[in-house]
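Visitor: Just so it is clear, I am handing over upload-v9.pdb, which has PDB, C-alpha atoms.
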```
MODEL        1
ATOM      1  CA  MET A  25      44.018  20.376 -23.560
ATOM      2  CA  GLU A  26      46.610  17.652 -24.171
ATOM      3  CA  PRO A  27      49.445  18.042 -26.666
ATOM      4  CA  LEU A  28      49.310  15.782 -29.719
ATOM      5  CA  ASN A  29      52.462  13.957 -30.824
ATOM      6  CA  ILE A  30      52.591  11.589 -33.781
ATOM      7  CA  ALA A  31      55.886   9.910 -34.712
ATOM      8  CA  ALA A  32      57.143  10.003 -38.300
ATOM      9  CA  THR A  33      56.964   6.954 -40.589
ATOM     10  CA  SER A  34      58.500   6.473 -44.044
ATOM     11  CA  SER A  35      55.365   7.954 -45.617
ATOM     12  CA  THR A  36      54.016  10.294 -42.924
ATOM     13  CA  PRO A  37      55.521  13.271 -41.074
ATOM     14  CA  ALA A  38      56.190  13.776 -37.363
ATOM     15  CA  ILE A  39      53.464  15.972 -35.892
ATOM     16  CA  HIS A  40      53.827  17.944 -32.666
ATOM     17  CA  LEU A  41      50.975  20.142 -31.491
ATOM     18  CA  ASN A  42      51.217  22.005 -28.203
ATOM     19  CA  THR A  43      49.025  24.593 -26.474
ATOM     20  CA  THR A  44      52.183  26.712 -25.991
ATOM     21  CA  GLY A  45      51.468  27.577 -29.627
ATOM     22  CA  ALA A  46      54.291  25.473 -31.058
ATOM     23  CA  ILE A  47      52.973  23.482 -33.999
ATOM     24  CA  SER A  48      55.252  21.399 -36.197
ATOM     25  CA  ILE A  49      54.821  19.045 -39.125
ATOM     26  CA  VAL A  50      58.122  17.583 -40.339
ATOM     27  CA  GLY A  51      58.860  14.815 -42.833
ATOM     28  CA  LYS A  52      57.432  13.169 -45.935
ATOM     29  CA  SER A  53      53.747  13.098 -46.625
ATOM     30  CA  TYR A  54      52.116  10.458 -48.805
ATOM     31  CA  PRO A  55      49.759   8.543 -46.517
ATOM     32  CA  GLU A  56      47.513   5.824 -47.924
ATOM     33  CA  ASN A  57      44.506   7.774 -46.697
ATOM     34  CA  THR A  58      45.524  11.399 -46.281
ATOM     35  CA  PHE A  59      42.295  12.717 -44.775
ATOM     36  CA  GLU A  60      42.138   9.941 -42.173
ATOM     37  CA  PHE A  61      45.786  10.472 -41.276
ATOM     38  CA  TYR A  62      45.424  14.234 -40.757
ATOM     39  CA  ARG A  63      42.005  14.123 -39.106
ATOM     40  CA  PRO A  64      43.507  14.226 -35.530
ATOM     41  CA  LEU A  65      45.598  17.264 -36.517
ATOM     42  CA  MET A  66      42.630  19.135 -37.984
ATOM     43  CA  GLU A  67      40.417  18.299 -34.992
ATOM     44  CA  TRP A  68      43.141  19.325 -32.532
ATOM     45  CA  MET A  69      43.601  22.658 -34.331
ATOM     46  CA  GLU A  70      39.842  23.366 -34.273
ATOM     47  CA  ALA A  71      39.717  22.671 -30.517
ATOM     48  CA  TYR A  72      42.891  24.712 -29.950
ATOM     49  CA  PHE A  73      41.486  27.831 -31.612
ATOM     50  CA  ASP A  74      38.226  27.303 -29.745
ATOM     51  CA  GLY A  75      39.416  28.877 -26.485
ATOM     52  CA  ASN A  76      42.752  27.088 -25.927
ATOM     53  CA  ALA A  77      45.067  29.097 -28.153
ATOM     54  CA  ALA A  78      48.338  30.653 -26.950
ATOM     55  CA  GLU A  79      49.037  34.344 -27.514
ATOM     56  CA  GLN A  80      51.119  33.492 -30.538
ATOM     57  CA  THR A  81      50.897  30.400 -32.716
ATOM     58  CA  THR A  82      53.985  29.411 -34.687
ATOM     59  CA  VAL A  83      53.603  26.682 -37.286
ATOM     60  CA  ASN A  84      56.807  25.085 -38.563
ATOM     61  CA  MET A  85      56.240  23.010 -41.682
ATOM     62  CA  GLU A  86      59.124  21.155 -43.212
ATOM     63  CA  ILE A  87      57.855  18.730 -45.816
ATOM     64  CA  VAL A  88      60.479  17.063 -47.997
ATOM     65  CA  TYR A  89      57.962  15.807 -50.548
ATOM     66  CA  PHE A  90      54.252  15.128 -50.598
ATOM     67  CA  ASN A  91      51.530  13.612 -52.762
ATOM     68  CA  SER A  92      48.655  15.541 -54.326
ATOM     69  CA  SER A  93      46.117  14.617 -51.641
ATOM     70  CA  SER A  94      48.532  15.974 -48.992
ATOM     71  CA  SER A  95      48.808  19.147 -51.046
ATOM     72  CA  LYS A  96      45.035  19.423 -50.888
ATOM     73  CA  LEU A  97      45.046  18.734 -47.154
ATOM     74  CA  PHE A  98      47.720  21.370 -46.491
ATOM     75  CA  PHE A  99      45.531  23.821 -48.411
ATOM     76  CA  ASP A 100      42.641  23.016 -46.041
ATOM     77  CA  PHE A 101      45.039  23.358 -43.073
ATOM     78  CA  PHE A 102      46.146  26.827 -44.240
ATOM     79  CA  ASP A 103      42.504  27.693 -44.844
ATOM     80  CA  LEU A 104      41.761  26.802 -41.203
ATOM     81  CA  LEU A 105      44.647  29.048 -40.049
ATOM     82  CA  ASP A 106      43.499  31.823 -42.383
ATOM     83  CA  GLU A 107      40.030  31.797 -40.812
ATOM     84  CA  GLN A 108      41.604  32.380 -37.367
ATOM     85  CA  ARG A 109      43.911  35.146 -38.594
ATOM     86  CA  SER A 110      41.778  38.039 -37.353
ATOM     87  CA  LYS A 111      41.400  36.593 -33.849
ATOM     88  CA  HIS A 112      44.885  35.143 -33.253
ATOM     89  CA  VAL A 113      48.533  35.926 -33.940
ATOM     90  CA  ILE A 114      49.639  33.224 -36.361
ATOM     91  CA  GLU A 115      52.928  32.780 -38.143
ATOM     92  CA  VAL A 116      53.825  29.966 -40.535
ATOM     93  CA  ASN A 117      57.405  29.009 -41.369
ATOM     94  CA  TRP A 118      57.536  26.959 -44.563
ATOM     95  CA  ILE A 119      60.987  25.416 -44.182
ATOM     96  CA  PHE A 120      62.793  23.836 -47.140
ATOM     97  CA  HIS A 121      66.283  22.691 -48.096
ATOM     98  CA  LYS A 122      67.938  25.408 -50.160
ATOM     99  CA  GLU A 123      68.373  23.024 -53.123
ATOM    100  CA  ASN A 124      64.808  21.767 -53.017
ATOM    101  CA  GLU A 125      63.257  24.055 -55.662
ATOM    102  CA  SER A 126      59.947  22.178 -55.694
ATOM    103  CA  ALA A 127      59.472  22.711 -51.956
ATOM    104  CA  LEU A 128      60.182  26.422 -52.455
ATOM    105  CA  GLU A 129      57.650  26.573 -55.326
ATOM    106  CA  ALA A 130      55.056  24.801 -53.198
ATOM    107  CA  GLY A 131      55.668  27.377 -50.454
ATOM    108  CA  LYS A 132      55.248  30.223 -52.956
ATOM    109  CA  ASP A 133      51.953  28.733 -54.173
ATOM    110  CA  PHE A 134      50.584  28.661 -50.607
ATOM    111  CA  LYS A 135      51.871  32.159 -49.918
ATOM    112  CA  GLU A 136      50.027  33.502 -52.973
ATOM    113  CA  ASP A 137      46.850  31.571 -52.141
ATOM    114  CA  PHE A 138      46.836  32.909 -48.570
ATOM    115  CA  ALA A 139      48.214  36.384 -49.071
ATOM    116  CA  GLU A 140      46.849  37.701 -45.744
ATOM    117  CA  LEU A 141      48.382  34.897 -43.691
ATOM    118  CA  THR A 142      51.999  35.361 -42.508
ATOM    119  CA  ILE A 143      53.923  32.642 -44.345
ATOM    120  CA  ASN A 144      57.719  32.888 -44.206
ATOM    121  CA  LEU A 145      59.693  30.910 -46.768
ATOM    122  CA  VAL A 146      62.720  29.727 -44.821
ATOM    123  CA  ALA A 147      65.647  28.150 -46.707
ATOM    124  CA  LYS A 148      68.050  26.036 -44.694
TER     125      LYS A 148
ATOM    126  CA  MET B  19      65.915 -21.663 -68.662
ATOM    127  CA  LYS B  20      68.325 -18.803 -69.133
ATOM    128  CA  PHE B  21      67.868 -16.506 -66.191
ATOM    129  CA  GLY B  22      70.388 -14.085 -67.663
ATOM    130  CA  ALA B  23      67.922 -13.310 -70.450
ATOM    131  CA  LEU B  24      65.584 -11.759 -67.926
ATOM    132  CA  GLU B  25      68.137  -9.148 -67.010
ATOM    133  CA  ASN B  26      68.908  -8.519 -70.697
ATOM    134  CA  ILE B  27      65.274  -7.716 -71.367
ATOM    135  CA  LEU B  28      65.276  -5.206 -68.535
ATOM    136  CA  GLU B  29      68.628  -3.706 -69.506
ATOM    137  CA  SER B  30      67.924  -3.471 -73.251
ATOM    138  CA  ASP B  31      65.928  -0.310 -72.790
ATOM    139  CA  GLY B  32      68.518   1.409 -70.630
ATOM    140  CA  ILE B  33      69.190   1.084 -66.912
ATOM    141  CA  ILE B  34      66.326  -0.028 -64.752
ATOM    142  CA  PHE B  35      66.345   1.229 -61.182
ATOM    143  CA  LEU B  36      63.178  -0.430 -60.137
ATOM    144  CA  THR B  37      60.512  -2.632 -61.612
ATOM    145  CA  TYR B  38      57.458  -4.133 -59.976
ATOM    146  CA  GLY B  39      54.530  -6.084 -61.345
ATOM    147  CA  GLY B  40      51.688  -7.126 -59.121
ATOM    148  CA  PHE B  41      49.277  -5.892 -56.540
ATOM    149  CA  LEU B  42      50.436  -2.617 -54.961
ATOM    150  CA  THR B  43      50.120  -1.801 -51.282
ATOM    151  CA  GLN B  44      51.100   1.295 -49.333
ATOM    152  CA  ALA B  45      53.904  -0.652 -47.577
ATOM    153  CA  LEU B  46      55.334  -1.674 -50.966
ATOM    154  CA  ILE B  47      55.120   1.887 -52.278
ATOM    155  CA  SER B  48      57.000   3.326 -49.307
ATOM    156  CA  GLY B  49      59.578   0.495 -49.511
ATOM    157  CA  MET B  50      60.115   1.184 -53.208
ATOM    158  CA  THR B  51      60.387   4.922 -52.549
ATOM    159  CA  GLU B  52      63.159   4.132 -50.043
ATOM    160  CA  ALA B  53      64.915   1.999 -52.652
ATOM    161  CA  LEU B  54      64.685   4.906 -55.106
ATOM    162  CA  GLU B  55      66.163   7.212 -52.464
ATOM    163  CA  LEU B  56      69.167   4.882 -52.227
ATOM    164  CA  GLU B  57      69.567   4.875 -56.021
ATOM    165  CA  ALA B  58      69.345   8.655 -56.068
ATOM    166  CA  THR B  59      72.067   8.983 -53.428
ATOM    167  CA  LYS B  60      74.265   6.452 -55.239
ATOM    168  CA  ASN B  61      73.845   8.319 -58.535
ATOM    169  CA  ASP B  62      74.392  11.700 -56.918
ATOM    170  CA  LEU B  63      71.160  13.159 -58.331
ATOM    171  CA  SER B  64      70.181  16.730 -57.525
ATOM    172  CA  MET B  65      67.428  17.388 -55.029
ATOM    173  CA  LYS B  66      65.251  18.845 -57.785
ATOM    174  CA  ILE B  67      65.444  15.686 -59.928
ATOM    175  CA  THR B  68      64.949  13.318 -57.004
ATOM    176  CA  GLY B  69      62.028  15.346 -55.673
ATOM    177  CA  ASN B  70      60.367  15.144 -59.093
ATOM    178  CA  LEU B  71      61.118  11.425 -59.469
ATOM    179  CA  PHE B  72      59.750  10.520 -56.037
ATOM    180  CA  THR B  73      56.667  12.697 -56.379
ATOM    181  CA  ILE B  74      55.739  11.297 -59.810
ATOM    182  CA  PHE B  75      56.499   7.729 -58.698
ATOM    183  CA  ILE B  76      54.319   8.065 -55.600
ATOM    184  CA  GLU B  77      51.509   9.746 -57.556
ATOM    185  CA  LEU B  78      51.432   7.023 -60.235
ATOM    186  CA  ALA B  79      51.859   4.153 -57.766
ATOM    187  CA  GLN B  80      49.131   5.415 -55.430
ATOM    188  CA  ASN B  81      46.841   5.959 -58.432
ATOM    189  CA  MET B  82      47.402   2.334 -59.411
ATOM    190  CA  MET B  83      46.793   1.202 -55.844
ATOM    191  CA  ASN B  84      43.535   3.148 -55.639
ATOM    192  CA  TYR B  85      42.215   1.906 -59.012
ATOM    193  CA  ALA B  86      43.146  -1.656 -58.093
ATOM    194  CA  LYS B  87      41.285  -1.317 -54.783
ATOM    195  CA  ALA B  88      38.212   0.019 -56.567
ATOM    196  CA  GLN B  89      38.358  -2.860 -59.072
ATOM    197  CA  SER B  90      38.721  -5.555 -56.423
ATOM    198  CA  ASP B  91      35.765  -4.003 -54.601
ATOM    199  CA  GLN B  92      33.794  -4.758 -57.759
ATOM    200  CA  HIS B  93      34.890  -8.412 -57.526
ATOM    201  CA  THR B  94      36.711  -8.413 -60.820
ATOM    202  CA  GLY B  95      39.288 -10.812 -59.470
ATOM    203  CA  ASN B  96      43.028 -10.391 -59.188
ATOM    204  CA  GLU B  97      43.576  -8.889 -62.622
ATOM    205  CA  SER B  98      43.858  -5.433 -61.156
ATOM    206  CA  LYS B  99      47.603  -5.786 -60.656
ATOM    207  CA  GLY B 100      49.822  -3.226 -62.302
ATOM    208  CA  LEU B 101      53.344  -2.672 -63.532
ATOM    209  CA  ILE B 102      55.640   0.186 -62.613
ATOM    210  CA  VAL B 103      59.160   0.781 -63.948
ATOM    211  CA  VAL B 104      61.706   3.485 -63.120
ATOM    212  CA  GLY B 105      64.835   3.742 -65.245
ATOM    213  CA  GLN B 106      67.314   5.766 -67.198
ATOM    214  CA  GLU B 107      66.943   6.114 -70.976
ATOM    215  CA  HIS B 108      69.439   4.055 -72.927
ATOM    216  CA  ALA B 109      69.954   6.384 -75.870
ATOM    217  CA  ASP B 110      69.830   9.544 -73.857
ATOM    218  CA  LYS B 111      71.627   9.187 -70.553
ATOM    219  CA  ASN B 112      70.350  12.605 -69.547
ATOM    220  CA  SER B 113      66.852  11.547 -68.717
ATOM    221  CA  TYR B 114      64.944   9.259 -66.406
ATOM    222  CA  TYR B 115      61.579   7.706 -67.032
ATOM    223  CA  ILE B 116      58.735   6.297 -65.002
ATOM    224  CA  ILE B 117      56.213   4.001 -66.670
ATOM    225  CA  SER B 118      53.016   2.775 -65.091
ATOM    226  CA  ARG B 119      50.574   0.313 -66.618
ATOM    227  CA  ASN B 120      47.357  -0.887 -65.097
ATOM    228  CA  LEU B 121      43.827  -2.000 -65.835
ATOM    229  CA  ILE B 122      41.024   0.504 -65.483
ATOM    230  CA  ASN B 123      37.322   0.411 -66.295
ATOM    231  CA  ALA B 124      35.473   2.483 -68.911
ATOM    232  CA  ASP B 125      34.272   5.091 -66.388
ATOM    233  CA  ASP B 126      37.790   5.717 -65.141
ATOM    234  CA  LYS B 127      39.014   5.883 -68.730
ATOM    235  CA  SER B 128      36.686   8.780 -69.547
ATOM    236  CA  LYS B 129      37.647  10.632 -66.353
ATOM    237  CA  ILE B 130      41.379  10.150 -66.878
ATOM    238  CA  GLU B 131      41.145  10.974 -70.588
ATOM    239  CA  ALA B 132      39.351  14.249 -69.811
ATOM    240  CA  ARG B 133      41.918  15.196 -67.168
ATOM    241  CA  LEU B 134      44.861  14.435 -69.427
ATOM    242  CA  LYS B 135      43.267  16.285 -72.342
ATOM    243  CA  SER B 136      42.672  19.376 -70.226
ATOM    244  CA  ILE B 137      46.397  19.748 -69.499
ATOM    245  CA  GLU B 138      47.685  18.835 -72.965
ATOM    246  CA  GLY B 139      50.043  21.439 -74.401
ATOM    247  CA  MET B 140      50.052  23.602 -71.263
ATOM    248  CA  ASP B 141      53.280  25.278 -70.226
ATOM    249  CA  LYS B 142      54.545  25.191 -66.641
ATOM    250  CA  GLU B 143      52.960  28.507 -65.693
ATOM    251  CA  GLN B 144      49.550  27.463 -67.066
ATOM    252  CA  LEU B 145      49.842  24.176 -65.170
ATOM    253  CA  ARG B 146      50.674  26.071 -61.982
ATOM    254  CA  GLU B 147      47.578  28.284 -62.367
ATOM    255  CA  LEU B 148      45.321  25.312 -63.108
ATOM    256  CA  TYR B 149      46.783  23.374 -60.164
ATOM    257  CA  ARG B 150      46.076  26.233 -57.763
ATOM    258  CA  LYS B 151      42.591  26.792 -59.185
ATOM    259  CA  GLN B 152      41.671  23.091 -58.908
ATOM    260  CA  ARG B 153      43.126  22.755 -55.436
ATOM    261  CA  LYS B 154      41.166  25.766 -54.288
ATOM    262  CA  SER B 155      37.872  24.782 -55.904
ATOM    263  CA  GLY B 156      38.156  21.322 -54.362
ATOM    264  CA  ALA B 157      38.357  22.817 -50.848
ATOM    265  CA  GLY B 158      36.839  20.486 -48.294
ATOM    266  CA  LYS B 159      36.303  17.680 -50.780
ATOM    267  CA  HIS B 160      37.666  14.377 -49.548
ATOM    268  CA  ASP B 161      38.203  13.044 -53.025
ATOM    269  CA  HIS B 162      41.642  11.580 -53.770
ATOM    270  CA  GLY B 163      43.673  14.717 -54.402
ATOM    271  CA  ALA B 164      40.740  16.635 -55.921
ATOM    272  CA  GLY B 165      41.914  15.776 -59.433
ATOM    273  CA  ILE B 166      45.250  17.552 -59.159
ATOM    274  CA  GLY B 167      47.383  14.390 -59.363
ATOM    275  CA  PHE B 168      47.944  14.548 -63.126
ATOM    276  CA  ILE B 169      48.605  18.295 -63.001
ATOM    277  CA  GLU B 170      51.213  17.632 -60.299
ATOM    278  CA  ILE B 171      52.832  14.995 -62.541
ATOM    279  CA  ALA B 172      52.776  17.320 -65.571
ATOM    280  CA  ARG B 173      54.366  20.140 -63.555
ATOM    281  CA  ARG B 174      57.244  17.914 -62.562
ATOM    282  CA  CYS B 175      58.146  16.091 -65.772
ATOM    283  CA  ASP B 176      59.444  17.040 -69.222
ATOM    284  CA  THR B 177      57.267  14.701 -71.259
ATOM    285  CA  LEU B 178      54.009  12.949 -70.419
ATOM    286  CA  GLU B 179      52.602  10.320 -72.773
ATOM    287  CA  HIS B 180      49.685   7.994 -72.342
ATOM    288  CA  ALA B 181      47.871   5.196 -74.170
ATOM    289  CA  PHE B 182      44.653   3.257 -73.636
ATOM    290  CA  GLU B 183      44.426  -0.309 -75.018
ATOM    291  CA  PRO B 184      41.075  -2.078 -74.827
ATOM    292  CA  VAL B 185      40.973  -5.366 -72.898
ATOM    293  CA  GLY B 186      37.663  -7.078 -73.565
ATOM    294  CA  ASP B 187      34.578  -4.880 -73.766
ATOM    295  CA  HIS B 188      34.706  -2.706 -70.698
ATOM    296  CA  ARG B 189      38.274  -2.474 -69.565
ATOM    297  CA  PHE B 190      41.454  -0.828 -70.729
ATOM    298  CA  PHE B 191      45.158  -0.959 -70.079
ATOM    299  CA  LEU B 192      46.306   2.549 -69.186
ATOM    300  CA  THR B 193      50.006   3.106 -69.810
ATOM    301  CA  ILE B 194      51.612   6.350 -68.725
ATOM    302  CA  LYS B 195      55.190   7.298 -69.490
ATOM    303  CA  THR B 196      56.843  10.368 -68.025
ATOM    304  CA  THR B 197      60.412  11.493 -68.564
ATOM    305  CA  ILE B 198      62.495  13.841 -66.479
ATOM    306  CA  HIS B 199      65.578  15.500 -67.918
ATOM    307  CA  LYS B 200      68.636  15.724 -65.721
ATOM    308  CA  ASN B 201      69.432  19.285 -66.755
TER     309      ASN B 201
ENDMDL
END
```
Produce structure tokens that represent the structure in this file.
Guide:
Amino acid sequence: MEPLNIAATSSTPAIHLNTTGAISIVGKSYPENTFEFYRPLMEWMEAYFDGNAAEQTTVNMEIVYFNSSSSKLFFDFFDLLDEQRSKHVIEVNWIFHKENESALEAGKDFKEDFAELTINLVAK
Amino acid sequence: MKFGALENILESDGIIFLTYGGFLTQALISGMTEALELEATKNDLSMKITGNLFTIFIELAQNMMNYAKAQSDQHTGNESKGLIVVGQEHADKNSYYIISRNLINADDKSKIEARLKSIEGMDKEQLRELYRKQRKSGAGKHDHGAGIGFIEIARRCDTLEHAFEPVGDHRFFLTIKTTIHKN
């Protein structure tokens, strides 16, 4: 299974997905069509958990700001991870700038919504 | 023609950071967001304020873009252009505002009116609960933001006002004004 790398733009994050289990989404997220933009990520993740997953999967998410459809998409992304929780070791690092209160609040919301999933709120 | 007058109109209501009237595209929205980032750096705004400003700006601008697209799909001509203004209040230097104004049809008016009514008078904690509930119940739906856009805006601003003005029989101007306090 090939890694998936998508470069950042002014309105979309850099995405790096690797079968070593290193998953990262870093940047701003307000695509014109959110579901189209993230479709390759969601499809890659489905295929990854379908027999290609590493022993441990570490997801690093560092989103400076995002629109409401991205918020919805991230919820679906966490939902996908949550479904794999019993079969795989998954850890999510929700990384935010220590002064970015909204990013911290967004992380807390996800943590409460997916209480069984390991989501670390990491200030930097 | 006195070109100076143009600037006076814009300045009379405080300091304008950004104003745009016309058809919105994604490229314009991300360019304007970058311009706002520069203004924010220049004015030494906190990350909390800038995050709220950018998020509300993007939400309103993308809403306008999506309604305009829907309208032009219905062949209603080029009247679907909108206006968006970001500035600092003149009287009260401690707050910023974002105003959006665009044409919508009667169907959209009822949808938007219902959404805005449902969040009226809610405090931040109630908004947070509603946001999470809506986001969850919309799981898997590929609708634009599953109706959480206005809740997102309400969570991030201090005041949210709106007005509908009829234009002809079936269309309305929707004007939304949000303010964000610096402290």
Visitor: If we count all atoms listed in the file, which residues of chain A reach to within 10 Å of chain B? Please list them as JSON, numbers by chain.
Guide: {"A": [33, 34, 35, 36, 54, 55, 56, 57, 58, 59, 60, 88, 89, 90, 91, 92, 93, 94, 95, 96, 97, 99, 100, 103, 121, 122, 123, 124, 125, 126, 127, 129, 130, 133, 134, 136, 137]}
Visitor: Keeping only C-alpha atoms, write the selected residues as a compact mmCIF listing (two decimals), in the coordinates of the input.
Guide:
```txt
# COMPACT_ATOMS: atom_id res chain seq x y z
CA THR A 33 56.96 6.95 -40.59
CA SER A 34 58.50 6.47 -44.04
CA SER A 35 55.36 7.95 -45.62
CA THR A 36 54.02 10.29 -42.92
CA TYR A 54 52.12 10.46 -48.80
CA PRO A 55 49.76 8.54 -46.52
CA GLU A 56 47.51 5.82 -47.92
CA ASN A 57 44.51 7.77 -46.70
CA THR A 58 45.52 11.40 -46.28
CA PHE A 59 42.30 12.72 -44.78
CA GLU A 60 42.14 9.94 -42.17
CA VAL A 88 60.48 17.06 -48.00
CA TYR A 89 57.96 15.81 -50.55
CA PHE A 90 54.25 15.13 -50.60
CA ASN A 91 51.53 13.61 -52.76
CA SER A 92 48.66 15.54 -54.33
CA SER A 93 46.12 14.62 -51.64
CA SER A 94 48.53 15.97 -48.99
CA SER A 95 48.81 19.15 -51.05
CA LYS A 96 45.04 19.42 -50.89
CA LEU A 97 45.05 18.73 -47.15
CA PHE A 99 45.53 23.82 -48.41
CA ASP A 100 42.64 23.02 -46.04
CA ASP A 103 42.50 27.69 -44.84
CA HIS A 121 66.28 22.69 -48.10
CA LYS A 122 67.94 25.41 -50.16
CA GLU A 123 68.37 23.02 -53.12
CA ASN A 124 64.81 21.77 -53.02
CA GLU A 125 63.26 24.06 -55.66
CA SER A 126 59.95 22.18 -55.69
CA ALA A 127 59.47 22.71 -51.96
CA GLU A 129 57.65 26.57 -55.33
CA ALA A 130 55.06 24.80 -53.20
CA ASP A 133 51.95 28.73 -54.17
CA PHE A 134 50.58 28.66 -50.61
CA GLU A 136 50.03 33.50 -52.97
CA ASP A 137 46.85 31.57 -52.14
```
Visitor: If I take atom CA of Ile116 of chain B and atom CA of Ala86 of chain B, how far is one from the other in Å, to one decimal?
Guide: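 Atom CA of Ala86 of chain B lies 18.8 Å from atom CA of Ile116 of chain B.
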Visitor: When distances are computed from all atoms listed in the file, which of B:Ala124, B:Cys175, B:Met140, B:Leu134 shows the smallest separation from Lys200 of chain B?
Guide: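 Closest to Lys200 of chain B of all the choices is B:Cys175.
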Visitor: In Å to one decimal, how far is atom CA of Ile198 of chain B from atom CA of Asp176 of chain B?
Guide: 5.2 Å
Visitor: Using the chain letters and numbers from the file, which residues does the PyMOL selection byres ((chain A and resi 80) around 8) grab, as number ranges by chain?
Guide: A: 45, 77-79, 81-82, 112-115
Visitor: How big is the axis-aligned box around all listed atoms of segment 114-117 of chain A once 3 Å goes on each side, and where's its centre, in Å to one decimal, as lines of an AutoDock Vina configuration file?
Guide:
```
center_x = 53.5
center_y = 31.1
center_z = -38.9
size_x = 13.8
size_y = 10.2
size_z = 11.0
```
Visitor: Check the smallest atom-to-atom distance from each of B:Ser136, B:Asn61, B:Gln106, B:Asn112 to His199 of chain B using all atoms listed in the file, then report the winner.
Guide: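 Among the listed residues, B:Asn112 lies closest to His199 of chain B.
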Visitor: Can you work out which one of B:Leu192, B:Leu178, B:Leu148, B:Leu71 has the shortest atom-to-atom distance to Asp126 of chain B, counting all atoms listed in the file?
Guide: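 Result for the nearest residue to Asp126 of chain B: B:Leu192.
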Visitor: To one decimal in Å, tell me the separation between atom CA of Ala79 of chain B and atom CA of Phe61 of chain A.
Guide: 18.7 Å
Visitor: Within 6 Å of (63.2, 1.0, -60.0) in the file's own coordinates, which protein, DNA or RNA residues have an atom, counting only C-alpha atoms? List them as a PyMOL selection string.
Guide: chain B and resi 34-37+103-104
Visitor: Find the residues around His40 of chain A up to 7 Å (all atoms listed in the file counted), leave out those fewer than 4 positions away in its own chain, and share them as a PyMOL selection string.
Guide: chain A and resi 28-30+47-49
Visitor: Written as a list of chain:residue names, which residues does the PyMOL selection byres ((chain A and resi 117) around 7) give for the file shown?
Guide: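 Output of the PyMOL selection byres ((chain A and resi 117) around 7): A:Val83, A:Asn84, A:Met85, A:Glu115, A:Val116, A:Trp118, A:Ile119, A:Ile143, A:Asn144, A:Leu145, A:Val146.
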Visitor: Compile the contact shell of Ser118 of chain B as JSON, numbers by chain: residues with an atom at most 6 Å away, counting only C-alpha atoms, same-chain residues fewer than 2 positions apart removed.
Guide: {"B": [101, 102, 193, 194]}
